[in-house]
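*Asks:* Sharing final.pdb (PDB, C-alpha atoms and all ligand atoms) below.
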```
ATOM      1  CA  MET A   1      86.846 120.264 175.227  1.00  0.00           C
ATOM      2  CA  LEU A   2      87.897 122.879 177.736  1.00  0.00           C
ATOM      3  CA  TYR A   3      91.527 123.237 176.666  1.00  0.00           C
ATOM      4  CA  HIS A   4      93.180 123.922 173.360  1.00  0.00           C
ATOM      5  CA  ILE A   5      96.430 123.111 171.636  1.00  0.00           C
ATOM      6  CA  GLY A   6      99.140 125.408 172.945  1.00  0.00           C
ATOM      7  CA  ASP A   7      97.519 125.855 176.343  1.00  0.00           C
ATOM      8  CA  ARG A   8      99.725 125.410 179.345  1.00  0.00           C
ATOM      9  CA  VAL A   9      97.881 123.390 181.945  1.00  0.00           C
ATOM     10  CA  TYR A  10      98.741 121.958 185.311  1.00  0.00           C
ATOM     11  CA  CYS A  11      98.379 118.425 186.647  1.00  0.00           C
ATOM     12  CA  ARG A  12      99.377 116.667 189.829  1.00  0.00           C
ATOM     13  CA  ILE A  13     102.273 114.246 189.648  1.00  0.00           C
ATOM     14  CA  ASN A  14     102.628 111.445 192.138  1.00  0.00           C
ATOM     15  CA  SER A  15     105.897 110.640 193.886  1.00  0.00           C
ATOM     16  CA  ASP A  16     106.308 107.710 191.464  1.00  0.00           C
ATOM     17  CA  SER A  17     106.056 110.123 188.494  1.00  0.00           C
ATOM     18  CA  SER A  18     102.587 109.231 187.326  1.00  0.00           C
ATOM     19  CA  VAL A  19      99.944 111.813 186.578  1.00  0.00           C
ATOM     20  CA  ILE A  20      97.216 111.632 189.209  1.00  0.00           C
ATOM     21  CA  PHE A  21      94.146 110.429 187.329  1.00  0.00           C
ATOM     22  CA  ASP A  22      91.613 112.726 188.967  1.00  0.00           C
ATOM     23  CA  TYR A  23      93.075 116.122 189.831  1.00  0.00           C
ATOM     24  CA  ASP A  24      90.693 116.620 192.761  1.00  0.00           C
ATOM     25  CA  PHE A  25      90.923 113.082 194.071  1.00  0.00           C
ATOM     26  CA  TYR A  26      92.153 112.905 197.626  1.00  0.00           C
ATOM     27  CA  ASP A  27      94.008 109.860 198.873  1.00  0.00           C
ATOM     28  CA  SER A  28      96.611 109.889 201.624  1.00  0.00           C
ATOM     29  CA  ARG A  29      98.867 107.746 199.432  1.00  0.00           C
ATOM     30  CA  TYR A  30      99.071 110.678 197.025  1.00  0.00           C
ATOM     31  CA  LEU A  31     100.185 113.314 199.519  1.00  0.00           C
ATOM     32  CA  GLN A  32     103.635 113.540 197.987  1.00  0.00           C
ATOM     33  CA  PHE A  33     102.302 115.055 194.788  1.00  0.00           C
ATOM     34  CA  LYS A  34     103.832 117.956 192.906  1.00  0.00           C
ATOM     35  CA  ILE A  35     102.065 120.350 190.607  1.00  0.00           C
ATOM     36  CA  ARG A  36     103.668 120.501 187.183  1.00  0.00           C
ATOM     37  CA  THR A  37     102.728 122.428 184.085  1.00  0.00           C
ATOM     38  CA  PHE A  38     102.444 120.849 180.647  1.00  0.00           C
ATOM     39  CA  GLU A  39     101.721 122.058 177.142  1.00  0.00           C
ATOM     40  CA  VAL A  40      98.709 120.647 175.333  1.00  0.00           C
ATOM     41  CA  ILE A  41      99.996 119.475 171.951  1.00  0.00           C
ATOM     42  CA  GLY A  42      97.153 117.316 170.712  1.00  0.00           C
ATOM     43  CA  ILE A  43      93.524 116.409 171.183  1.00  0.00           C
ATOM     44  CA  HIS A  44      92.498 112.865 170.361  1.00  0.00           C
ATOM     45  CA  ASP A  45      88.928 111.728 171.042  1.00  0.00           C
ATOM     46  CA  ILE A  46      88.320 112.528 174.700  1.00  0.00           C
ATOM     47  CA  PHE A  47      92.013 112.697 175.516  1.00  0.00           C
ATOM     48  CA  TYR A  48      94.554 115.469 175.523  1.00  0.00           C
ATOM     49  CA  VAL A  49      98.123 114.763 174.552  1.00  0.00           C
ATOM     50  CA  ILE A  50     100.399 116.805 176.763  1.00  0.00           C
ATOM     51  CA  LEU A  51     104.127 117.194 176.405  1.00  0.00           C
ATOM     52  CA  CYS A  52     106.069 115.573 179.222  1.00  0.00           C
ATOM     53  CA  TRP A  53     109.498 114.299 180.097  1.00  0.00           C
ATOM     54  CA  PRO A  54     110.520 110.667 179.497  1.00  0.00           C
ATOM     55  CA  GLY A  55     110.431 109.660 183.176  1.00  0.00           C
ATOM     56  CA  VAL A  56     106.685 110.148 183.495  1.00  0.00           C
ATOM     57  CA  ASP A  57     104.763 106.898 183.832  1.00  0.00           C
ATOM     58  CA  ASP A  58     103.090 105.926 180.514  1.00  0.00           C
ATOM     59  CA  ALA A  59     104.975 108.585 178.546  1.00  0.00           C
ATOM     60  CA  VAL A  60     105.213 107.648 174.876  1.00  0.00           C
ATOM     61  CA  LEU A  61     107.874 108.660 172.414  1.00  0.00           C
ATOM     62  CA  LEU A  62     106.396 110.898 169.733  1.00  0.00           C
ATOM     63  CA  ASN A  63     107.661 109.147 166.635  1.00  0.00           C
ATOM     64  CA  LYS A  64     106.481 109.944 163.123  1.00  0.00           C
ATOM     65  CA  ASP A  65     103.630 107.404 163.156  1.00  0.00           C
ATOM     66  CA  ARG A  66     102.153 108.782 166.348  1.00  0.00           C
ATOM     67  CA  ILE A  67     102.589 112.379 165.290  1.00  0.00           C
ATOM     68  CA  ASP A  68     100.661 111.642 162.075  1.00  0.00           C
ATOM     69  CA  LYS A  69      98.001 109.519 163.765  1.00  0.00           C
ATOM     70  CA  TRP A  70      97.350 112.001 166.578  1.00  0.00           C
ATOM     71  CA  ASN A  71      97.713 115.081 164.390  1.00  0.00           C
ATOM     72  CA  ILE A  72     100.528 116.623 166.428  1.00  0.00           C
ATOM     73  CA  ASN A  73     102.795 119.373 165.161  1.00  0.00           C
ATOM     74  CA  PRO A  74     105.949 117.659 163.746  1.00  0.00           C
ATOM     75  CA  LYS A  75     108.150 120.042 165.745  1.00  0.00           C
ATOM     76  CA  HIS A  76     107.491 117.710 168.707  1.00  0.00           C
ATOM     77  CA  LEU A  77     109.062 114.723 166.928  1.00  0.00           C
ATOM     78  CA  GLY A  78     111.333 112.823 169.318  1.00  0.00           C
ATOM     79  CA  ARG A  79     109.819 114.347 172.424  1.00  0.00           C
ATOM     80  CA  TYR A  80     107.501 112.577 174.865  1.00  0.00           C
ATOM     81  CA  GLY A  81     103.795 112.878 175.423  1.00  0.00           C
ATOM     82  CA  ILE A  82     101.172 111.406 177.647  1.00  0.00           C
ATOM     83  CA  PHE A  83      97.400 111.061 177.301  1.00  0.00           C
ATOM     84  CA  VAL A  84      95.296 112.606 180.027  1.00  0.00           C
ATOM     85  CA  ARG A  85      91.566 113.074 180.518  1.00  0.00           C
ATOM     86  CA  GLU A  86      90.070 116.471 181.229  1.00  0.00           C
ATOM     87  CA  PHE A  87      89.554 115.691 184.915  1.00  0.00           C
ATOM     88  CA  SER A  88      93.285 115.024 185.339  1.00  0.00           C
ATOM     89  CA  ILE A  89      93.919 118.691 184.559  1.00  0.00           C
ATOM     90  CA  GLY A  90      93.635 121.219 187.364  1.00  0.00           C
ATOM     91  CA  GLY A  91      93.356 124.245 185.119  1.00  0.00           C
ATOM     92  CA  ARG A  92      95.090 126.513 182.692  1.00  0.00           C
ATOM     93  CA  GLU A  93      98.309 128.024 183.888  1.00  0.00           C
ATOM     94  CA  THR A  94      97.786 131.743 183.975  1.00  0.00           C
ATOM     95  CA  ILE A  95      99.600 134.696 185.404  1.00  0.00           C
ATOM     96  CA  ASP A  96      96.930 134.691 188.133  1.00  0.00           C
ATOM     97  CA  TYR A  97      97.925 131.199 189.068  1.00  0.00           C
ATOM     98  CA  TYR A  98     101.395 132.392 189.980  1.00  0.00           C
ATOM     99  CA  LYS A  99     100.227 135.725 191.337  1.00  0.00           C
ATOM    100  CA  ASN A 100      97.973 133.953 193.838  1.00  0.00           C
ATOM    101  CA  ALA A 101     100.429 131.174 194.570  1.00  0.00           C
ATOM    102  CA  LEU A 102     103.195 130.945 197.110  1.00  0.00           C
ATOM    103  CA  ALA A 103     106.265 128.763 196.709  1.00  0.00           C
ATOM    104  CA  CYS A 104     107.134 126.496 199.598  1.00  0.00           C
ATOM    105  CA  LYS A 105     110.397 127.653 201.171  1.00  0.00           C
ATOM    106  CA  VAL A 106     111.699 124.071 201.362  1.00  0.00           C
ATOM    107  CA  CYS A 107     110.624 122.228 198.209  1.00  0.00           C
ATOM    108  CA  LYS A 108     109.970 125.333 196.000  1.00  0.00           C
ATOM    109  CA  GLU A 109     106.674 123.881 194.841  1.00  0.00           C
ATOM    110  CA  TYR A 110     103.964 126.437 193.988  1.00  0.00           C
ATOM    111  CA  TYR A 111     100.699 126.245 195.886  1.00  0.00           C
ATOM    112  CA  PRO A 112      97.791 128.216 194.476  1.00  0.00           C
ATOM    113  CA  TYR A 113      95.914 130.413 196.951  1.00  0.00           C
ATOM    114  CA  ALA A 114      98.261 129.482 199.798  1.00  0.00           C
ATOM    115  CA  GLU A 115      98.749 131.727 202.824  1.00  0.00           C
ATOM    116  CA  PRO A 116     102.076 132.298 204.586  1.00  0.00           C
ATOM    117  CA  ASN A 117     102.388 130.096 207.668  1.00  0.00           C
ATOM    118  CA  GLN A 118     105.852 130.913 208.955  1.00  0.00           C
ATOM    119  CA  PRO A 119     106.875 133.772 211.272  1.00  0.00           C
ATOM    120  CA  ASP A 120     108.995 135.293 208.481  1.00  0.00           C
ATOM    121  CA  GLY A 121     106.011 135.487 206.103  1.00  0.00           C
ATOM    122  CA  SER A 122     107.019 132.483 204.018  1.00  0.00           C
ATOM    123  CA  LEU A 123     105.212 129.213 203.386  1.00  0.00           C
ATOM    124  CA  VAL A 124     106.317 125.713 204.304  1.00  0.00           C
ATOM    125  CA  CYS A 125     103.889 123.283 202.702  1.00  0.00           C
ATOM    126  CA  TRP A 126     102.055 120.555 204.516  1.00  0.00           C
ATOM    127  CA  VAL A 127     104.127 117.814 202.897  1.00  0.00           C
ATOM    128  CA  CYS A 128     107.411 119.390 204.017  1.00  0.00           C
ATOM    129  CA  ARG A 129     106.073 120.144 207.481  1.00  0.00           C
ATOM    130  CA  THR A 130     104.950 116.562 208.049  1.00  0.00           C
ATOM    131  CA  THR A 131     107.677 114.608 206.289  1.00  0.00           C
ATOM    132  CA  ARG A 132     110.794 116.593 207.133  1.00  0.00           C
ATOM    133  CA  ILE A 133     111.747 116.473 210.784  1.00  0.00           C
ATOM    134  CA  ILE A 134     113.369 119.916 210.731  1.00  0.00           C
ATOM    135  CA  TYR A 135     109.860 121.377 210.789  1.00  0.00           C
TER     136      TYR A 135
HETATM  137 ZN    ZN B 201     107.288 121.981 200.542  1.00  0.00          ZN
END
```
For the structure just supplied, provide its representation as structure tokens.
Ligand SMILES: [Zn+2]

*Replies:*
Amino acid sequence: MLYHIGDRVYCRINSDSSVIFDYDFYDSRYLQFKIRTFEVIGIHDIFYVILCWPGVDDAVLLNKDRIDKWNINPKHLGRYGIFVREFSIGGRETIDYYKNALACKVCKEYYPYAEPNQPDGSLVCWVCRTTRIIY
């Protein structure tokens, strides 16, 4: 397994708040994705348990039974987690990730390895440029 407990990793989240199954998968229906970072709190078979917020599709409440069964630190009791496969994870969040990323001026989302595309040196992402008429 590529990632370890305590790692902060990033995944793509769909507009309906589900984790995109394959991080690299391209489908025009998924253009409204956001990149979000999550903490790995458990490893169970071929799945990672990552900490999430309750609104995420398929999020499960970490009750005592699940914490015991999945060998998760009890400090996460009462929080929410979701199971993801390795290919749903884009990578480990590092300082480099933010150093080489630009935030979109409109939606504030971080885009790794993005280049400025506005006259003032800022970035407006493709999603904002194509879905918001002001651009
Ligand atoms: Zn944007």

*Asks:* List, as a PyMOL selection string, every residue that the PyMOL selection byres (((chain A and resi 119-128) around 7) and not hetatm) selects in the file provided.

*Replies:* chain A and resi 31-32+102-106+115-118+129-132

*Asks:* Please expand the PyMOL selection byres (((chain A and resi 33) around 10) and not hetatm) into the concrete residues it hits in this file, giving the result as a CSV table (one decimal) with C-alpha atoms, in the frame of the given file.

*Replies:*
```csv
chain,number,residue,atom,x,y,z
A,11,CYS,CA,98.4,118.4,186.6
A,12,ARG,CA,99.4,116.7,189.8
A,13,ILE,CA,102.3,114.2,189.6
A,14,ASN,CA,102.6,111.4,192.1
A,15,SER,CA,105.9,110.6,193.9
A,16,ASP,CA,106.3,107.7,191.5
A,17,SER,CA,106.1,110.1,188.5
A,18,SER,CA,102.6,109.2,187.3
A,19,VAL,CA,99.9,111.8,186.6
A,20,ILE,CA,97.2,111.6,189.2
A,29,ARG,CA,98.9,107.7,199.4
A,30,TYR,CA,99.1,110.7,197.0
A,31,LEU,CA,100.2,113.3,199.5
A,32,GLN,CA,103.6,113.5,198.0
A,34,LYS,CA,103.8,118.0,192.9
A,35,ILE,CA,102.1,120.4,190.6
A,36,ARG,CA,103.7,120.5,187.2
A,109,GLU,CA,106.7,123.9,194.8
A,127,VAL,CA,104.1,117.8,202.9
```

*Asks:* Since I can't run it myself right now, could you work out what the PyMOL selection byres (((chain A and resi 68-85) around 7) and not hetatm) selects here and report it as a list in words?

*Replies:*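 Evaluating the PyMOL selection byres (((chain A and resi 68-85) around 7) and not hetatm) on this file yields Ile41, Gly42, His44, Ile46, Phe47, Tyr48, Val49, Ile50, Leu51, Cys52, Trp53, Pro54, Asp58, Ala59, Val60, Leu61, Leu62, Asn63, Lys64, Asp65, Arg66, Ile67, Glu86, Phe87 and Ser88 of chain A.
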
*Asks:* Go ahead and find all residues with at least one atom no further than 9 Å from (88.9, 122.4, 177.8) in the file's coordinates, using only C-alpha atoms; report them as a VMD selection string.

*Replies:* chain A and resid 1 to 4 86 91 to 92

*Asks:* When distances are computed from all atoms listed in the file, which of A:Asn100, A:Tyr113, A:Cys107, A:Tyr23 shows the smallest separation from ligand ZN 201 (chain B)?

*Replies:*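 Ranked by minimum distance to ligand ZN 201 (chain B), first place goes to A:Cys107.
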
*Asks:* Separation of CA of Asp22 (chain A) and CA of Tyr10 (chain A), in Å?

*Replies:* 12.2 Å

*Asks:* Determine, counting all atoms listed in the file, which protein, DNA and RNA residues have an atom within 6 Å of an atom of Ala101 (chain A); residues of the same chain fewer than 5 positions away are not included. Present the result as an NGL selection string.

*Replies:* :A and (110-114)

*Asks:* If I take CA of Val9 (chain A) and CA of Val40 (chain A), how far is one from the other in Å, to one decimal?

*Replies:*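 Between CA of Val9 (chain A) and CA of Val40 (chain A) the gap works out to 7.2 Å.
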
*Asks:* Go through A:Gly90, A:Phe38, A:Phe25, A:Lys108 one by one, measure the shortest atom-to-atom distance of each to ligand ZN 201 (chain B) using all atoms listed in the file, and give the residue with the smallest value.

*Replies:*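 For ligand ZN 201 (chain B), the nearest of the given residues is A:Lys108.
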
*Asks:* N, CA and C atoms for region 30-43 of chain A, written as a PDB file, in the frame of the given file, could you do that?

*Replies:*
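Here's the written file selection34.pdb:
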```
ATOM      1  N   TYR A  30      98.638 109.737 198.055  1.00  0.00           N
ATOM      2  CA  TYR A  30      99.071 110.678 197.025  1.00  0.00           C
ATOM      3  C   TYR A  30      99.535 112.013 197.607  1.00  0.00           C
ATOM      4  N   LEU A  31      99.847 112.037 198.897  1.00  0.00           N
ATOM      5  CA  LEU A  31     100.185 113.314 199.519  1.00  0.00           C
ATOM      6  C   LEU A  31     101.500 113.895 199.030  1.00  0.00           C
ATOM      7  N   GLN A  32     102.322 113.066 198.426  1.00  0.00           N
ATOM      8  CA  GLN A  32     103.635 113.540 197.987  1.00  0.00           C
ATOM      9  C   GLN A  32     103.579 114.116 196.570  1.00  0.00           C
ATOM     10  N   PHE A  33     102.420 114.575 196.164  1.00  0.00           N
ATOM     11  CA  PHE A  33     102.302 115.055 194.788  1.00  0.00           C
ATOM     12  C   PHE A  33     103.031 116.375 194.570  1.00  0.00           C
ATOM     13  N   LYS A  34     103.315 116.658 193.323  1.00  0.00           N
ATOM     14  CA  LYS A  34     103.832 117.956 192.906  1.00  0.00           C
ATOM     15  C   LYS A  34     102.933 118.466 191.794  1.00  0.00           C
ATOM     16  N   ILE A  35     102.818 119.760 191.719  1.00  0.00           N
ATOM     17  CA  ILE A  35     102.065 120.350 190.607  1.00  0.00           C
ATOM     18  C   ILE A  35     103.063 120.698 189.516  1.00  0.00           C
ATOM     19  N   ARG A  36     102.773 120.240 188.310  1.00  0.00           N
ATOM     20  CA  ARG A  36     103.668 120.501 187.183  1.00  0.00           C
ATOM     21  C   ARG A  36     102.847 121.046 186.017  1.00  0.00           C
ATOM     22  N   THR A  37     103.459 121.903 185.235  1.00  0.00           N
ATOM     23  CA  THR A  37     102.728 122.428 184.085  1.00  0.00           C
ATOM     24  C   THR A  37     103.180 121.722 182.810  1.00  0.00           C
ATOM     25  N   PHE A  38     102.245 121.590 181.892  1.00  0.00           N
ATOM     26  CA  PHE A  38     102.444 120.849 180.647  1.00  0.00           C
ATOM     27  C   PHE A  38     101.811 121.638 179.507  1.00  0.00           C
ATOM     28  N   GLU A  39     102.326 121.431 178.316  1.00  0.00           N
ATOM     29  CA  GLU A  39     101.721 122.058 177.142  1.00  0.00           C
ATOM     30  C   GLU A  39     100.816 121.044 176.443  1.00  0.00           C
ATOM     31  N   VAL A  40      99.614 121.489 176.119  1.00  0.00           N
ATOM     32  CA  VAL A  40      98.709 120.647 175.333  1.00  0.00           C
ATOM     33  C   VAL A  40      99.187 120.684 173.888  1.00  0.00           C
ATOM     34  N   ILE A  41      99.491 119.506 173.336  1.00  0.00           N
ATOM     35  CA  ILE A  41      99.996 119.475 171.951  1.00  0.00           C
ATOM     36  C   ILE A  41      99.076 118.700 171.020  1.00  0.00           C
ATOM     37  N   GLY A  42      98.061 118.056 171.568  1.00  0.00           N
ATOM     38  CA  GLY A  42      97.153 117.316 170.712  1.00  0.00           C
ATOM     39  C   GLY A  42      95.855 117.010 171.430  1.00  0.00           C
ATOM     40  N   ILE A  43      94.817 116.823 170.635  1.00  0.00           N
ATOM     41  CA  ILE A  43      93.524 116.409 171.183  1.00  0.00           C
ATOM     42  C   ILE A  43      93.090 115.216 170.358  1.00  0.00           C
TER      43      ILE A  43
END
```
